[in-house]
Amino acid sequence: MDVGITFSLVLVVGVIYTLSRMVRIVPQGEEWVVERLGKYSKTLLPGLNILIPVVDSVSYQITTKELIQQTRDQEVITKDNAVVIISAVVFYRVTDPKKASYSISNFEKAVANMTTTTLRAVIGGMTLNDSLSQRDQIKAEVALKIRDSLSGWGLTLGNLEVQDIRPSASLQEAMERQAAADREREATILIADGEKKASIAKAEGQKEAAILEAQGRLEASKLEAQAKAELADGDRKAMIIVTQGLASGETAPHYLLAQRYIDSVKSLADSENSKVVFMPSDWQESLAGAVGSLGYLGSAMSNKQ
């Protein structure tokens with residue numbers, strides 16, 4: 001009785017184990033690699049699958065979701081011997097579980113190492129300024145170089161992004177000092193250029209002022225000369241009129257001469273600075289002439305009446 005129960009229990013356990021090894025349910029997002037007697041047999045897709053117990057075995061459970069591989073920060077020497085620190089993120093997917101299982105021992109580690117070495121090669125062929133400013137070019141070149149290798153491992157590259165790229169601490173400090181020196185030099189140049197322009201503008205202003213002043217003086221001299229010429233011409237015409245009047249016997253010239261003579265003597269007498277009034281040596285004859293002129297004028301006016 002006990003033997004029968006034991007045998008039944010062993011049989012039930014064996015059946016359960018056999019069914020568990022024969023019926024396999026693959027979850028969505030995974031594919032399983034099956035080996036038959038140690039050799040690749042097939043790939044199980046998501047869902048219910050039937051295997052031959054003992055003969056078939058699941059060797060690899062491959063995730064077909066998109067995987068993310070982040071490279072560590074690494075120092076890279078550029079073409080112009082500058083040190084930059086760079087890291088990247090790779091997005092890829094397993095499209096051929098058989099290749100991913102048998103073509104390489106650890107495809108995740110392989111992707112990280114391949115991305116790191118490719119980044120070093122690409123950055124090593126660029127200058128510092130290019131490596132810091134041309135992220136898109138770096139991303140495109142690295143993706144192009146690793147895509148074929150990933151395809152050989154049963155992987156498909158989804159995207160690659162340069163996560164961070166920056167100069168090393170010592171280089172960054174040197175760049176900051178250089179930038180400060182460049183800004184100071186530019187400020188000095190701007191100040192010198194401003195002073196130069198101000199000096200030129202001042203000199204041009206002085207030049208224009210001198211030209212305008214010279215032109216003003218020239219115009220004033222011309223006007224003064226013209227005024228003197230007109231005055232001289234007026235005096236000349238007046239002398240001609242007086243001479244003609246004297247020659248014709250008119251009374252006006254005699255009166256004018258007498259009046260001028262009397263006014264001149266009066267001005268000398270009224271002057272505050274004059275202590276002595278100088279009289280001509282022939283003052284008697286001059287006065288008689290002036291009086292005579294006035295008398296002549298009076299008689300002429302009486303005759304006219």
# chains A, B, ... in the order shown; residues from 1 in each chain; ligands from 1

$ select_by_dssp --residues "range 48-206 of chain A" --states "strand (DSSP E)" --output "PyMOL selection string"
chain A and resi 48-50+56-63+67-70+74-77+83-94+155-167

$ select_by_dssp --residues "range 27-240 of chain A" --states "alpha helix (DSSP H)" --output "PyMOL selection string"
chain A and resi 97-102+107-124+128-133+135-152+169-240

$ atom_distance --atom1 "CA of Glu141 in chain A" --atom2 "CA of Leu128 in chain A"
16.6 Å

$ residues_around --residues "range 132-137 of chain A" --least-positions-apart "4" --cutoff "9 Å" --atoms "only C-alpha atoms" --output "list in words"
Val84, Thr127, Leu128, Glu141, Val142, Glu161, Val162, Ile165, Arg166 and Pro167 of chain A

$ write_last_selection --atoms "all heavy atoms" --output "PDB file, in the first residue's frame"
ATOM      1  N   VAL A  84      39.543  66.665 -23.518  1.00  0.00           N
ATOM      2  CA  VAL A  84      38.122  66.883 -23.285  1.00  0.00           C
ATOM      3  C   VAL A  84      37.539  65.636 -22.639  1.00  0.00           C
ATOM      4  O   VAL A  84      38.051  64.530 -22.794  1.00  0.00           O
ATOM      5  CB  VAL A  84      37.367  67.192 -24.599  1.00  0.00           C
ATOM      6  CG1 VAL A  84      37.855  68.482 -25.205  1.00  0.00           C
ATOM      7  CG2 VAL A  84      37.509  66.051 -25.591  1.00  0.00           C
ATOM      8  N   THR A 127      39.618  69.161 -33.855  1.00  0.00           N
ATOM      9  CA  THR A 127      40.224  70.160 -32.976  1.00  0.00           C
ATOM     10  C   THR A 127      39.317  70.404 -31.776  1.00  0.00           C
ATOM     11  O   THR A 127      38.166  69.945 -31.735  1.00  0.00           O
ATOM     12  CB  THR A 127      40.449  71.478 -33.725  1.00  0.00           C
ATOM     13  OG1 THR A 127      39.179  72.003 -34.160  1.00  0.00           O
ATOM     14  CG2 THR A 127      41.347  71.262 -34.942  1.00  0.00           C
ATOM     15  N   LEU A 128      39.853  71.122 -30.800  1.00  0.00           N
ATOM     16  CA  LEU A 128      39.083  71.389 -29.585  1.00  0.00           C
ATOM     17  C   LEU A 128      37.806  72.157 -29.896  1.00  0.00           C
ATOM     18  O   LEU A 128      36.724  71.802 -29.429  1.00  0.00           O
ATOM     19  CB  LEU A 128      39.952  72.171 -28.589  1.00  0.00           C
ATOM     20  CG  LEU A 128      39.243  72.653 -27.318  1.00  0.00           C
ATOM     21  CD1 LEU A 128      38.736  71.477 -26.504  1.00  0.00           C
ATOM     22  CD2 LEU A 128      40.178  73.527 -26.488  1.00  0.00           C
ATOM     23  N   GLU A 141      28.958  60.619 -37.043  1.00  0.00           N
ATOM     24  CA  GLU A 141      30.124  59.800 -37.373  1.00  0.00           C
ATOM     25  C   GLU A 141      30.202  58.554 -36.495  1.00  0.00           C
ATOM     26  O   GLU A 141      30.488  57.446 -36.985  1.00  0.00           O
ATOM     27  CB  GLU A 141      31.398  60.627 -37.233  1.00  0.00           C
ATOM     28  CG  GLU A 141      31.546  61.716 -38.299  1.00  0.00           C
ATOM     29  CD  GLU A 141      32.896  62.403 -38.214  1.00  0.00           C
ATOM     30  OE1 GLU A 141      33.778  61.890 -37.497  1.00  0.00           O
ATOM     31  OE2 GLU A 141      33.070  63.457 -38.875  1.00  0.00           O
ATOM     32  N   VAL A 142      29.943  58.700 -35.196  1.00  0.00           N
ATOM     33  CA  VAL A 142      30.001  57.549 -34.292  1.00  0.00           C
ATOM     34  C   VAL A 142      28.904  56.540 -34.642  1.00  0.00           C
ATOM     35  O   VAL A 142      29.139  55.322 -34.692  1.00  0.00           O
ATOM     36  CB  VAL A 142      29.871  58.014 -32.831  1.00  0.00           C
ATOM     37  CG1 VAL A 142      29.771  56.811 -31.892  1.00  0.00           C
ATOM     38  CG2 VAL A 142      31.068  58.873 -32.445  1.00  0.00           C
ATOM     39  N   GLU A 161      23.265  59.634 -28.673  1.00  0.00           N
ATOM     40  CA  GLU A 161      23.324  61.030 -28.259  1.00  0.00           C
ATOM     41  C   GLU A 161      24.602  61.280 -27.463  1.00  0.00           C
ATOM     42  O   GLU A 161      24.986  60.455 -26.621  1.00  0.00           O
ATOM     43  CB  GLU A 161      22.123  61.397 -27.392  1.00  0.00           C
ATOM     44  CG  GLU A 161      20.790  61.388 -28.117  1.00  0.00           C
ATOM     45  CD  GLU A 161      20.683  62.483 -29.164  1.00  0.00           C
ATOM     46  OE1 GLU A 161      21.441  63.470 -29.062  1.00  0.00           O
ATOM     47  OE2 GLU A 161      19.848  62.357 -30.070  1.00  0.00           O
ATOM     48  N   VAL A 162      25.263  62.387 -27.776  1.00  0.00           N
ATOM     49  CA  VAL A 162      26.418  62.816 -26.983  1.00  0.00           C
ATOM     50  C   VAL A 162      25.867  63.461 -25.722  1.00  0.00           C
ATOM     51  O   VAL A 162      25.280  64.543 -25.763  1.00  0.00           O
ATOM     52  CB  VAL A 162      27.295  63.803 -27.775  1.00  0.00           C
ATOM     53  CG1 VAL A 162      28.446  64.287 -26.898  1.00  0.00           C
ATOM     54  CG2 VAL A 162      27.833  63.139 -29.037  1.00  0.00           C
ATOM     55  N   ILE A 165      30.012  66.809 -23.213  1.00  0.00           N
ATOM     56  CA  ILE A 165      31.362  67.018 -23.736  1.00  0.00           C
ATOM     57  C   ILE A 165      31.846  68.361 -23.218  1.00  0.00           C
ATOM     58  O   ILE A 165      31.195  69.388 -23.406  1.00  0.00           O
ATOM     59  CB  ILE A 165      31.388  66.961 -25.278  1.00  0.00           C
ATOM     60  CG1 ILE A 165      32.826  67.185 -25.774  1.00  0.00           C
ATOM     61  CG2 ILE A 165      30.422  67.931 -25.910  1.00  0.00           C
ATOM     62  CD1 ILE A 165      32.988  66.883 -27.259  1.00  0.00           C
ATOM     63  N   ARG A 166      32.976  68.321 -22.527  1.00  0.00           N
ATOM     64  CA  ARG A 166      33.483  69.538 -21.891  1.00  0.00           C
ATOM     65  C   ARG A 166      34.995  69.447 -21.777  1.00  0.00           C
ATOM     66  O   ARG A 166      35.559  68.338 -21.740  1.00  0.00           O
ATOM     67  CB  ARG A 166      32.868  69.715 -20.502  1.00  0.00           C
ATOM     68  CG  ARG A 166      33.254  68.627 -19.517  1.00  0.00           C
ATOM     69  CD  ARG A 166      32.532  68.772 -18.191  1.00  0.00           C
ATOM     70  NE  ARG A 166      32.997  67.814 -17.193  1.00  0.00           N
ATOM     71  CZ  ARG A 166      32.564  66.569 -17.088  1.00  0.00           C
ATOM     72  NH1 ARG A 166      31.661  66.107 -17.936  1.00  0.00           N
ATOM     73  NH2 ARG A 166      33.048  65.770 -16.142  1.00  0.00           N
ATOM     74  N   PRO A 167      35.662  70.569 -21.711  1.00  0.00           N
ATOM     75  CA  PRO A 167      37.117  70.530 -21.519  1.00  0.00           C
ATOM     76  C   PRO A 167      37.457  70.093 -20.104  1.00  0.00           C
ATOM     77  O   PRO A 167      36.640  70.212 -19.182  1.00  0.00           O
ATOM     78  CB  PRO A 167      37.545  71.983 -21.778  1.00  0.00           C
ATOM     79  CG  PRO A 167      36.330  72.794 -21.521  1.00  0.00           C
ATOM     80  CD  PRO A 167      35.161  71.943 -21.903  1.00  0.00           C
TER      81      PRO A 167
END

$ residues_around --residues "range 55-72 of chain A" --least-positions-apart "2" --cutoff "9 Å" --atoms "only C-alpha atoms" --output "number ranges by chain"
A: 21-22, 28-38, 40-41, 44, 51-53, 74, 86-97, 100-101, 108-109, 111-113, 115-116, 158, 163

$ atom_distance --atom1 "CA of Leu144 in chain A" --atom2 "CA of Met126 in chain A"
16.6 Å

$ atom_distance --atom1 "CA of Leu45 in chain A" --atom2 "CA of Ile16 in chain A"
23.2 Å

$ closest_residue --among "A:Ile50, A:Ala209, A:Ile5, A:Ala198" --to "Ser20 in chain A" --atoms "only C-alpha atoms"
A:Ile50

$ closest_residue --among "A:Thr78, A:Thr6, A:Asn49, A:Gln215" --to "Asn129 in chain A" --atoms "only C-alpha atoms"
A:Thr78

$ decode --residues "range 151-170 of chain A" --atoms "C-alpha atoms" --output "mmCIF file, in the first residue's frame"
data_model
loop_
_atom_site.group_PDB
_atom_site.id
_atom_site.type_symbol
_atom_site.label_atom_id
_atom_site.label_comp_id
_atom_site.auth_asym_id
_atom_site.auth_seq_id
_atom_site.Cartn_x
_atom_site.Cartn_y
_atom_site.Cartn_z
ATOM 1 C CA SER A 151 24.230 44.628 -37.141
ATOM 2 C CA GLY A 152 26.740 41.753 -37.116
ATOM 3 C CA TRP A 153 25.778 41.016 -33.512
ATOM 4 C CA GLY A 154 22.055 40.895 -34.277
ATOM 5 C CA LEU A 155 21.461 44.394 -32.916
ATOM 6 C CA THR A 156 19.911 47.457 -34.521
ATOM 7 C CA LEU A 157 21.043 50.958 -33.533
ATOM 8 C CA GLY A 158 18.125 53.185 -32.608
ATOM 9 C CA ASN A 159 19.822 56.444 -31.666
ATOM 10 C CA LEU A 160 23.028 57.808 -30.218
ATOM 11 C CA GLU A 161 23.324 61.030 -28.259
ATOM 12 C CA VAL A 162 26.418 62.816 -26.983
ATOM 13 C CA GLN A 163 25.418 63.254 -23.372
ATOM 14 C CA ASP A 164 28.221 65.526 -22.250
ATOM 15 C CA ILE A 165 31.362 67.018 -23.736
ATOM 16 C CA ARG A 166 33.483 69.538 -21.891
ATOM 17 C CA PRO A 167 37.117 70.530 -21.519
ATOM 18 C CA SER A 168 39.105 69.206 -18.604
ATOM 19 C CA ALA A 169 39.362 71.274 -15.428
ATOM 20 C CA SER A 170 42.889 72.542 -16.183
#
